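Enquirer: CSV, C-alpha atoms, saved as target.csv, coming up:
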chain,number,residue,atom,x,y,z
A,26,MET,CA,-41.5,-51.5,23.5
A,27,GLN,CA,-43.1,-48.8,25.7
A,28,SER,CA,-46.2,-49.3,27.8
A,29,LEU,CA,-48.5,-46.4,28.7
A,30,LYS,CA,-51.3,-46.5,31.2
A,31,ILE,CA,-54.8,-45.3,30.4
A,32,ASN,CA,-57.1,-44.4,33.2
A,33,LEU,CA,-60.0,-46.7,32.8
A,34,GLU,CA,-62.1,-44.7,35.2
A,35,GLU,CA,-62.3,-42.0,32.5
A,36,GLU,CA,-65.3,-42.4,30.2
A,37,ILE,CA,-63.2,-42.0,27.1
A,38,PRO,CA,-59.4,-42.7,26.7
A,39,LEU,CA,-57.1,-39.8,27.4
A,40,VAL,CA,-53.5,-39.9,26.5
A,41,TYR,CA,-50.8,-37.3,27.1
A,42,THR,CA,-48.8,-35.6,24.4
A,43,VAL,CA,-46.3,-32.7,24.3
A,44,ALA,CA,-47.0,-29.9,21.9
A,45,SER,CA,-44.3,-27.3,21.0
A,46,GLY,CA,-44.7,-23.7,19.9
A,47,PRO,CA,-43.0,-20.3,19.9
A,48,MET,CA,-43.6,-20.0,23.7
A,49,GLY,CA,-42.3,-23.4,24.6
A,50,LYS,CA,-43.8,-26.7,25.1
A,51,ARG,CA,-46.9,-27.9,26.9
A,52,ARG,CA,-47.8,-31.4,28.1
A,53,LEU,CA,-51.5,-32.0,27.5
A,54,LYS,CA,-54.1,-34.7,27.3
A,55,LEU,CA,-55.9,-35.6,24.1
A,56,VAL,CA,-58.6,-38.1,23.4
A,57,PHE,CA,-57.2,-41.2,21.7
A,58,ASP,CA,-59.7,-41.0,18.8
A,59,THR,CA,-59.4,-43.3,15.8
A,60,GLY,CA,-62.6,-41.9,14.5
A,61,CYS,CA,-61.2,-38.4,14.1
A,62,GLY,CA,-59.5,-37.9,10.8
A,63,VAL,CA,-57.1,-35.0,11.7
A,64,THR,CA,-55.6,-34.3,15.1
A,65,GLN,CA,-57.3,-31.3,16.7
A,66,ILE,CA,-56.1,-29.0,19.6
A,67,ASP,CA,-58.0,-26.3,21.4
A,68,THR,CA,-57.4,-22.8,20.2
A,69,ALA,CA,-57.0,-21.5,23.8
A,70,LEU,CA,-54.1,-23.9,24.4
A,71,LEU,CA,-52.5,-23.1,21.0
A,72,GLU,CA,-52.7,-19.4,21.9
A,73,ASN,CA,-50.9,-20.1,25.2
A,74,LEU,CA,-48.2,-21.8,23.1
A,75,GLY,CA,-47.8,-18.6,21.1
A,76,TYR,CA,-49.9,-19.4,18.0
A,77,SER,CA,-52.8,-17.3,16.6
A,78,ALA,CA,-55.2,-17.5,13.7
A,79,ALA,CA,-52.7,-15.5,11.7
A,80,ASP,CA,-50.5,-18.6,11.7
A,81,GLY,CA,-53.3,-20.6,10.1
A,82,ILE,CA,-52.7,-22.4,6.8
A,83,GLU,CA,-56.3,-22.6,5.7
A,84,ARG,CA,-59.8,-22.4,7.1
A,85,VAL,CA,-61.6,-25.7,7.6
A,86,VAL,CA,-64.9,-26.8,8.9
A,87,VAL,CA,-65.4,-29.6,11.3
A,88,ARG,CA,-68.3,-32.0,10.8
A,89,GLY,CA,-69.5,-34.5,13.4
A,90,PRO,CA,-72.3,-37.0,13.1
A,91,ALA,CA,-74.9,-34.3,14.0
A,92,GLY,CA,-75.2,-30.6,14.4
A,93,ASP,CA,-73.9,-27.7,12.4
A,94,PRO,CA,-70.3,-27.7,11.1
A,95,HIS,CA,-67.9,-25.5,13.0
A,96,GLU,CA,-65.1,-23.4,11.7
A,97,GLY,CA,-61.5,-23.8,12.6
A,98,TYR,CA,-58.1,-23.6,10.8
A,99,THR,CA,-55.2,-25.8,10.1
A,100,LEU,CA,-51.8,-25.0,11.7
A,101,GLN,CA,-48.3,-26.3,11.5
A,102,LEU,CA,-46.9,-27.0,15.0
A,103,SER,CA,-43.2,-26.9,15.8
A,104,GLY,CA,-43.5,-30.4,17.0
A,105,LEU,CA,-45.8,-33.0,18.6
A,106,LEU,CA,-44.4,-35.7,20.9
A,107,VAL,CA,-46.7,-38.7,21.0
A,108,PHE,CA,-45.8,-41.9,22.9
A,109,GLY,CA,-42.1,-41.1,22.7
A,110,HIS,CA,-42.3,-40.4,19.0
A,111,LEU,CA,-41.5,-36.9,17.8
A,112,LEU,CA,-43.6,-35.8,14.9
A,113,PRO,CA,-41.7,-32.8,13.4
A,114,SER,CA,-43.9,-29.9,12.1
A,115,PRO,CA,-47.2,-31.8,12.0
A,116,ILE,CA,-50.3,-30.1,10.6
A,117,ILE,CA,-53.1,-30.1,13.0
A,118,ALA,CA,-56.5,-28.4,13.2
A,119,ALA,CA,-57.1,-25.6,15.6
A,120,TYR,CA,-60.6,-25.7,16.9
A,121,ASP,CA,-62.5,-24.2,19.9
A,122,PHE,CA,-63.1,-27.0,22.4
A,123,GLU,CA,-65.4,-25.0,24.6
A,124,ASN,CA,-68.0,-27.7,24.7
A,125,PHE,CA,-65.5,-30.3,25.8
A,126,ALA,CA,-63.5,-28.0,28.1
A,127,ARG,CA,-65.8,-28.7,31.0
A,128,PHE,CA,-64.6,-32.4,30.7
A,129,GLY,CA,-60.9,-31.5,30.7
A,130,ILE,CA,-60.3,-32.2,27.1
A,131,HIS,CA,-57.8,-30.2,25.1
A,132,GLY,CA,-58.3,-32.0,21.8
A,133,LEU,CA,-58.3,-35.2,19.8
A,134,LEU,CA,-55.4,-37.3,18.8
A,135,GLY,CA,-56.6,-38.4,15.4
A,136,TRP,CA,-56.2,-41.2,13.0
A,137,ASP,CA,-53.6,-39.1,11.0
A,138,VAL,CA,-51.2,-39.6,13.9
A,139,ILE,CA,-52.4,-42.9,15.3
A,140,LYS,CA,-52.0,-44.7,12.0
A,141,GLN,CA,-48.3,-43.8,11.9
A,142,LEU,CA,-47.6,-45.9,15.0
A,143,HIS,CA,-47.5,-49.5,15.9
A,144,ILE,CA,-49.8,-49.7,18.9
A,145,GLU,CA,-51.4,-52.6,20.8
A,146,LEU,CA,-54.3,-51.9,23.1
A,147,VAL,CA,-54.9,-54.1,26.1
A,148,GLY,CA,-58.2,-52.7,27.1
A,149,PRO,CA,-59.0,-54.6,30.3
A,150,LYS,CA,-55.6,-53.6,31.7
A,151,GLY,CA,-55.8,-50.0,30.5
A,152,LEU,CA,-52.5,-50.4,28.6
A,153,LEU,CA,-51.2,-49.1,25.3
A,154,LYS,CA,-48.1,-50.9,24.1
A,155,ILE,CA,-46.0,-48.8,21.7
A,156,PHE,CA,-43.6,-50.8,19.5
B,25,MET,CA,-42.5,-19.6,44.1
B,26,ALA,CA,-45.2,-22.0,45.1
B,27,GLN,CA,-44.4,-25.2,46.8
B,28,LYS,CA,-43.9,-28.4,44.8
B,29,MET,CA,-46.8,-30.8,45.7
B,30,THR,CA,-47.6,-34.4,45.0
B,31,TRP,CA,-50.4,-35.3,42.5
B,32,ASN,CA,-52.5,-36.4,45.4
B,33,GLU,CA,-52.1,-33.1,47.2
B,34,ILE,CA,-52.9,-31.3,43.9
B,35,ARG,CA,-56.0,-33.3,43.4
B,36,GLN,CA,-57.3,-32.5,46.8
B,37,LEU,CA,-56.6,-28.8,46.6
B,38,TYR,CA,-57.6,-28.1,43.0
B,39,ASN,CA,-60.5,-30.6,42.3
B,40,ARG,CA,-62.5,-29.6,39.2
B,41,GLU,CA,-60.0,-26.9,38.3
B,42,TRP,CA,-57.7,-26.3,35.3
B,43,ILE,CA,-54.1,-26.1,36.5
B,44,GLU,CA,-50.7,-25.3,34.9
B,45,LEU,CA,-47.8,-27.2,36.4
B,46,VAL,CA,-44.2,-26.2,36.2
B,47,ASP,CA,-41.2,-28.1,37.5
B,48,TYR,CA,-43.4,-31.2,37.2
B,49,ASP,CA,-42.5,-34.9,37.3
B,50,TRP,CA,-44.4,-37.0,34.9
B,51,PRO,CA,-43.2,-40.6,34.4
B,52,GLU,CA,-43.4,-41.5,30.7
B,53,GLU,CA,-45.6,-44.6,31.4
B,54,ASP,CA,-48.1,-42.8,33.7
B,55,SER,CA,-51.4,-41.2,32.7
B,56,ASP,CA,-51.0,-38.4,35.3
B,57,PRO,CA,-48.0,-36.5,36.7
B,58,SER,CA,-46.6,-37.5,40.1
B,59,ALA,CA,-45.7,-34.0,41.3
B,60,GLY,CA,-45.4,-30.4,40.3
B,61,VAL,CA,-45.6,-26.7,41.2
B,62,VAL,CA,-49.0,-25.1,40.4
B,63,ARG,CA,-48.3,-21.8,38.4
B,64,ALA,CA,-51.9,-21.0,37.5
B,65,HIS,CA,-55.3,-22.4,38.4
B,66,ALA,CA,-59.0,-21.6,37.9
B,67,SER,CA,-62.3,-23.5,37.7
B,68,ASP,CA,-63.3,-21.5,34.6
B,69,ARG,CA,-61.3,-22.2,31.4
B,70,ASN,CA,-61.2,-18.5,30.2
B,71,THR,CA,-60.1,-17.3,33.6
B,72,PHE,CA,-57.5,-20.0,33.7
B,73,TYR,CA,-56.0,-19.1,30.3
B,74,SER,CA,-55.9,-15.4,31.3
B,75,LEU,CA,-53.7,-16.4,34.3
B,76,ALA,CA,-51.6,-18.9,32.3
B,77,ASN,CA,-50.9,-16.4,29.6
B,78,ARG,CA,-49.2,-14.0,32.0
B,79,GLU,CA,-45.7,-13.2,31.1
B,80,PRO,CA,-43.2,-14.6,31.4
B,81,ARG,CA,-44.7,-17.9,30.3
B,82,PRO,CA,-42.7,-21.0,31.2
B,83,LYS,CA,-40.8,-22.8,28.5
B,84,ASP,CA,-42.1,-26.1,29.8
B,85,SER,CA,-45.4,-26.8,31.6
B,86,ALA,CA,-48.3,-29.2,31.7
B,87,ILE,CA,-51.9,-28.0,31.4
B,88,LEU,CA,-54.4,-30.3,33.0
B,89,PHE,CA,-57.9,-30.5,34.3
B,90,VAL,CA,-58.0,-32.0,37.8
B,91,GLY,CA,-60.7,-34.4,38.9
B,92,ASP,CA,-63.5,-36.4,37.4
B,93,THR,CA,-64.0,-35.7,33.7
B,94,ALA,CA,-67.1,-37.9,33.4
B,95,ALA,CA,-70.1,-36.4,31.7
B,96,PRO,CA,-73.2,-35.7,33.7
B,97,LYS,CA,-75.8,-38.5,33.9
B,98,GLY,CA,-77.7,-38.8,30.7
B,99,THR,CA,-74.8,-37.4,28.6
B,100,ILE,CA,-72.8,-39.7,26.4
B,101,MET,CA,-69.3,-38.5,25.5
B,102,CYS,CA,-68.7,-38.9,21.8
B,103,ALA,CA,-65.8,-37.0,20.3
B,104,SER,CA,-65.4,-39.4,17.5
B,105,LEU,CA,-66.4,-39.5,13.8
B,106,MET,CA,-65.2,-35.9,13.2
B,107,ARG,CA,-64.2,-34.9,9.8
B,108,LEU,CA,-62.5,-31.8,8.4
B,109,GLU,CA,-63.4,-30.1,5.2
B,110,HIS,CA,-61.9,-27.1,3.5
B,111,ALA,CA,-64.0,-24.1,4.3
B,112,LYS,CA,-65.8,-22.5,1.4
B,113,SER,CA,-64.8,-19.0,0.9
Would it be possible to restate this file's structure as structure tokens?
Expert:
Amino acid sequence: MQSLKINLEEEIPLVYTVASGPMGKRRLKLVFDTGCGVTQIDTALLENLGYSAADGIERVVVRGPAGDPHEGYTLQLSGLLVFGHLLPSPIIAAYDFENFARFGIHGLLGWDVIKQLHIELVGPKGLLKIF
Amino acid sequence: MAQKMTWNEIRQLYNREWIELVDYDWPEEDSDPSAGVVRAHASDRNTFYSLANREPRPKDSAILFVGDTAAPKGTIMCASLMRLEHAKS
């Protein structure tokens, strides 16, 4: 079992992951978001990793509870390391997180990834236990 | 090459900035790194990425926002309940 700390002073839970691409690997923080269907990463960070829209698999639109849908695209990463588990070649959504960038958010770790892991959340202690 | 600093030193120097750390130490169980060398930094995201995208880019780095990420008073952070659909051509 592995225990990871979540900073409870943050308004929403941020966890770190490692994304891999043509230019190397980048450690970044994503929102631990069970309400997000597909993991999403900011296009600016993906471009830093060496990806571009030309690598996109298909165009998608992102819908939230309110507001207009926004366009992005799906992309196959070289790899995504989450809580010590390497997901080889995961398909994620590339989306401009301009609105969230001011809060230091690179993207959302979505239910597509979270549901693959055995995780126990100990909220009051700010701990995620990974089995 | 810039000097390797502790996370506390980095937080004091680069509060409310985006930073790229190379040669960083980040214990697996911790939510933040413990130390690193700041390769690029800027308070504006676009400026930051123009600096971080300079060649040669590092093979391994960490990209972070330093400081309080809480939303302004009266704003509720809600990233959840997002759904993707195939775009209509």
Enquirer: Using all atoms listed in the file, which of the listed residues (A:Gly81, A:Ala126, A:Ala119, A:His110) sits closest to chain B?
Expert: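 Closest candidate: A:Ala126.
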Enquirer: Using only C-alpha atoms, find the one residue out of B:Arg63, B:Ser58, B:Ala26, B:Glu44 that sits nearest to chain A.
Expert: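 Closest to chain A, using only C-alpha atoms: B:Glu44.
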Enquirer: From the set B:Ala66, B:Ile87, B:Val61, B:Val46, which residue has the shortest atom-to-atom contact distance to B:Ile34, counting all atoms listed in the file?
Expert: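 Checking each candidate against B:Ile34, we get B:Val61 as the closest.
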Enquirer: Report as JSON lines the residues of chain A within 9 Å of chain B, each with its shortest atom pair and distance in Å (one decimal), using all atoms listed in the file, ordered by chain and increasing residue number.
Expert:
{"residue": "A:Gln27", "atom": "CA", "partner": "B:Glu53", "partner_atom": "CA", "distance": 7.5}
{"residue": "A:Ser28", "atom": "CA", "partner": "B:Glu53", "partner_atom": "CA", "distance": 6.0}
{"residue": "A:Leu29", "atom": "CA", "partner": "B:Glu53", "partner_atom": "CA", "distance": 4.4}
{"residue": "A:Lys30", "atom": "CA", "partner": "B:Asp54", "partner_atom": "CA", "distance": 5.5}
{"residue": "A:Ile31", "atom": "CA", "partner": "B:Ser55", "partner_atom": "CA", "distance": 5.8}
{"residue": "A:Asn32", "atom": "CA", "partner": "B:Ser55", "partner_atom": "CA", "distance": 6.6}
{"residue": "A:Glu34", "atom": "CA", "partner": "B:Ala94", "partner_atom": "CA", "distance": 8.6}
{"residue": "A:Glu35", "atom": "CA", "partner": "B:Ala94", "partner_atom": "CA", "distance": 6.4}
{"residue": "A:Glu36", "atom": "CA", "partner": "B:Ala94", "partner_atom": "CA", "distance": 5.8}
{"residue": "A:Ile37", "atom": "CA", "partner": "B:Met101", "partner_atom": "CA", "distance": 7.2}
{"residue": "A:Leu39", "atom": "CA", "partner": "B:Ser55", "partner_atom": "CA", "distance": 7.9}
{"residue": "A:Val40", "atom": "CA", "partner": "B:Ser55", "partner_atom": "CA", "distance": 6.7}
{"residue": "A:Tyr41", "atom": "CA", "partner": "B:Ser55", "partner_atom": "CA", "distance": 6.9}
{"residue": "A:Val43", "atom": "CA", "partner": "B:Ala86", "partner_atom": "CA", "distance": 8.4}
{"residue": "A:Met48", "atom": "CA", "partner": "B:Lys83", "partner_atom": "CA", "distance": 6.2}
{"residue": "A:Gly49", "atom": "CA", "partner": "B:Lys83", "partner_atom": "CA", "distance": 4.2}
{"residue": "A:Lys50", "atom": "CA", "partner": "B:Asp84", "partner_atom": "CA", "distance": 5.0}
{"residue": "A:Arg51", "atom": "CA", "partner": "B:Ser85", "partner_atom": "CA", "distance": 5.1}
{"residue": "A:Arg52", "atom": "CA", "partner": "B:Ala86", "partner_atom": "CA", "distance": 4.2}
{"residue": "A:Leu53", "atom": "CA", "partner": "B:Ile87", "partner_atom": "CA", "distance": 5.6}
{"residue": "A:Lys54", "atom": "CA", "partner": "B:Leu88", "partner_atom": "CA", "distance": 7.2}
{"residue": "A:Val56", "atom": "CA", "partner": "B:Ala103", "partner_atom": "CA", "distance": 7.9}
{"residue": "A:Asp58", "atom": "CA", "partner": "B:Ser104", "partner_atom": "CA", "distance": 6.1}
{"residue": "A:Thr59", "atom": "CA", "partner": "B:Ser104", "partner_atom": "CA", "distance": 7.4}
{"residue": "A:Gly60", "atom": "CA", "partner": "B:Leu105", "partner_atom": "CA", "distance": 4.5}
{"residue": "A:Cys61", "atom": "CA", "partner": "B:Met106", "partner_atom": "CA", "distance": 4.8}
{"residue": "A:Gly62", "atom": "CA", "partner": "B:Arg107", "partner_atom": "CA", "distance": 5.7}
{"residue": "A:Val63", "atom": "CA", "partner": "B:Leu108", "partner_atom": "CA", "distance": 7.1}
{"residue": "A:Ala69", "atom": "CA", "partner": "B:Tyr73", "partner_atom": "CA", "distance": 7.0}
{"residue": "A:Leu70", "atom": "CA", "partner": "B:Tyr73", "partner_atom": "CA", "distance": 7.8}
{"residue": "A:Glu72", "atom": "CA", "partner": "B:Asn77", "partner_atom": "CA", "distance": 8.5}
{"residue": "A:Asn73", "atom": "CA", "partner": "B:Asn77", "partner_atom": "CA", "distance": 5.7}
{"residue": "A:Leu74", "atom": "CA", "partner": "B:Asn77", "partner_atom": "CA", "distance": 8.9}
{"residue": "A:Glu83", "atom": "CA", "partner": "B:His110", "partner_atom": "CA", "distance": 7.5}
{"residue": "A:Arg84", "atom": "CA", "partner": "B:Ala111", "partner_atom": "CA", "distance": 5.3}
{"residue": "A:Val85", "atom": "CA", "partner": "B:His110", "partner_atom": "CA", "distance": 4.3}
{"residue": "A:Val86", "atom": "CA", "partner": "B:Glu109", "partner_atom": "CA", "distance": 5.2}
{"residue": "A:Val87", "atom": "CA", "partner": "B:Leu108", "partner_atom": "CA", "distance": 4.7}
{"residue": "A:Arg88", "atom": "CA", "partner": "B:Arg107", "partner_atom": "CA", "distance": 5.1}
{"residue": "A:Gly89", "atom": "CA", "partner": "B:Met106", "partner_atom": "CA", "distance": 4.5}
{"residue": "A:Pro90", "atom": "CA", "partner": "B:Leu105", "partner_atom": "CA", "distance": 6.4}
{"residue": "A:Glu96", "atom": "CA", "partner": "B:Ala111", "partner_atom": "CA", "distance": 7.5}
{"residue": "A:Gly97", "atom": "CA", "partner": "B:Ala111", "partner_atom": "CA", "distance": 8.7}
{"residue": "A:Tyr98", "atom": "CA", "partner": "B:Ala111", "partner_atom": "CA", "distance": 8.8}
{"residue": "A:Phe108", "atom": "CA", "partner": "B:Glu52", "partner_atom": "CA", "distance": 8.2}
{"residue": "A:Gly109", "atom": "CA", "partner": "B:Glu52", "partner_atom": "CA", "distance": 8.1}
{"residue": "A:Ala118", "atom": "CA", "partner": "B:Leu108", "partner_atom": "CA", "distance": 8.4}
{"residue": "A:Glu123", "atom": "CA", "partner": "B:Arg69", "partner_atom": "CA", "distance": 8.4}
{"residue": "A:Phe125", "atom": "CA", "partner": "B:Ala103", "partner_atom": "CA", "distance": 8.7}
{"residue": "A:Ala126", "atom": "CA", "partner": "B:Arg69", "partner_atom": "CA", "distance": 7.0}
{"residue": "A:Arg127", "atom": "CA", "partner": "B:Thr93", "partner_atom": "CA", "distance": 7.7}
{"residue": "A:Phe128", "atom": "CA", "partner": "B:Thr93", "partner_atom": "CA", "distance": 4.5}
{"residue": "A:Gly129", "atom": "CA", "partner": "B:Phe89", "partner_atom": "CA", "distance": 4.8}
{"residue": "A:Ile130", "atom": "CA", "partner": "B:Phe89", "partner_atom": "CA", "distance": 7.8}
{"residue": "A:His131", "atom": "CA", "partner": "B:Leu88", "partner_atom": "CA", "distance": 8.6}
{"residue": "A:Leu133", "atom": "CA", "partner": "B:Ala103", "partner_atom": "CA", "distance": 7.7}
Enquirer: Have a look at A:Pro115, A:Gly46, A:Gly135, A:Gly148 and name the one nearest to A:Leu33; count all atoms listed in the file.
Expert: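 Ranked by minimum distance to A:Leu33, first place goes to A:Gly148.
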Enquirer: Calculate how many Å separate atom CA of A:Gly151 from atom CA of A:Leu112, rounding to one decimal.
Expert: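 These atoms are spaced 24.4 Å apart.
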Enquirer: From the list B:Gln36, B:Thr30, B:Lys97, B:Ile43, which residue is nearest B:Val62 when using all atoms listed in the file?
Expert: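 With all atoms listed in the file as the atom set, the closest residue is B:Ile43.
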Enquirer: Which residue out of B:Phe72, B:Glu79, B:Leu37, B:Lys28 has the minimum interatomic distance to B:Asp49 when only C-alpha atoms are used?
Expert: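 Distance minimum relative to B:Asp49 lands on B:Lys28.
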Enquirer: Interatomic distance between atom CA of B:Asn32 and atom CA of A:Pro149?
Expert: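 According to the coordinates, atom CA of B:Asn32 and atom CA of A:Pro149 are separated by 24.5 Å.
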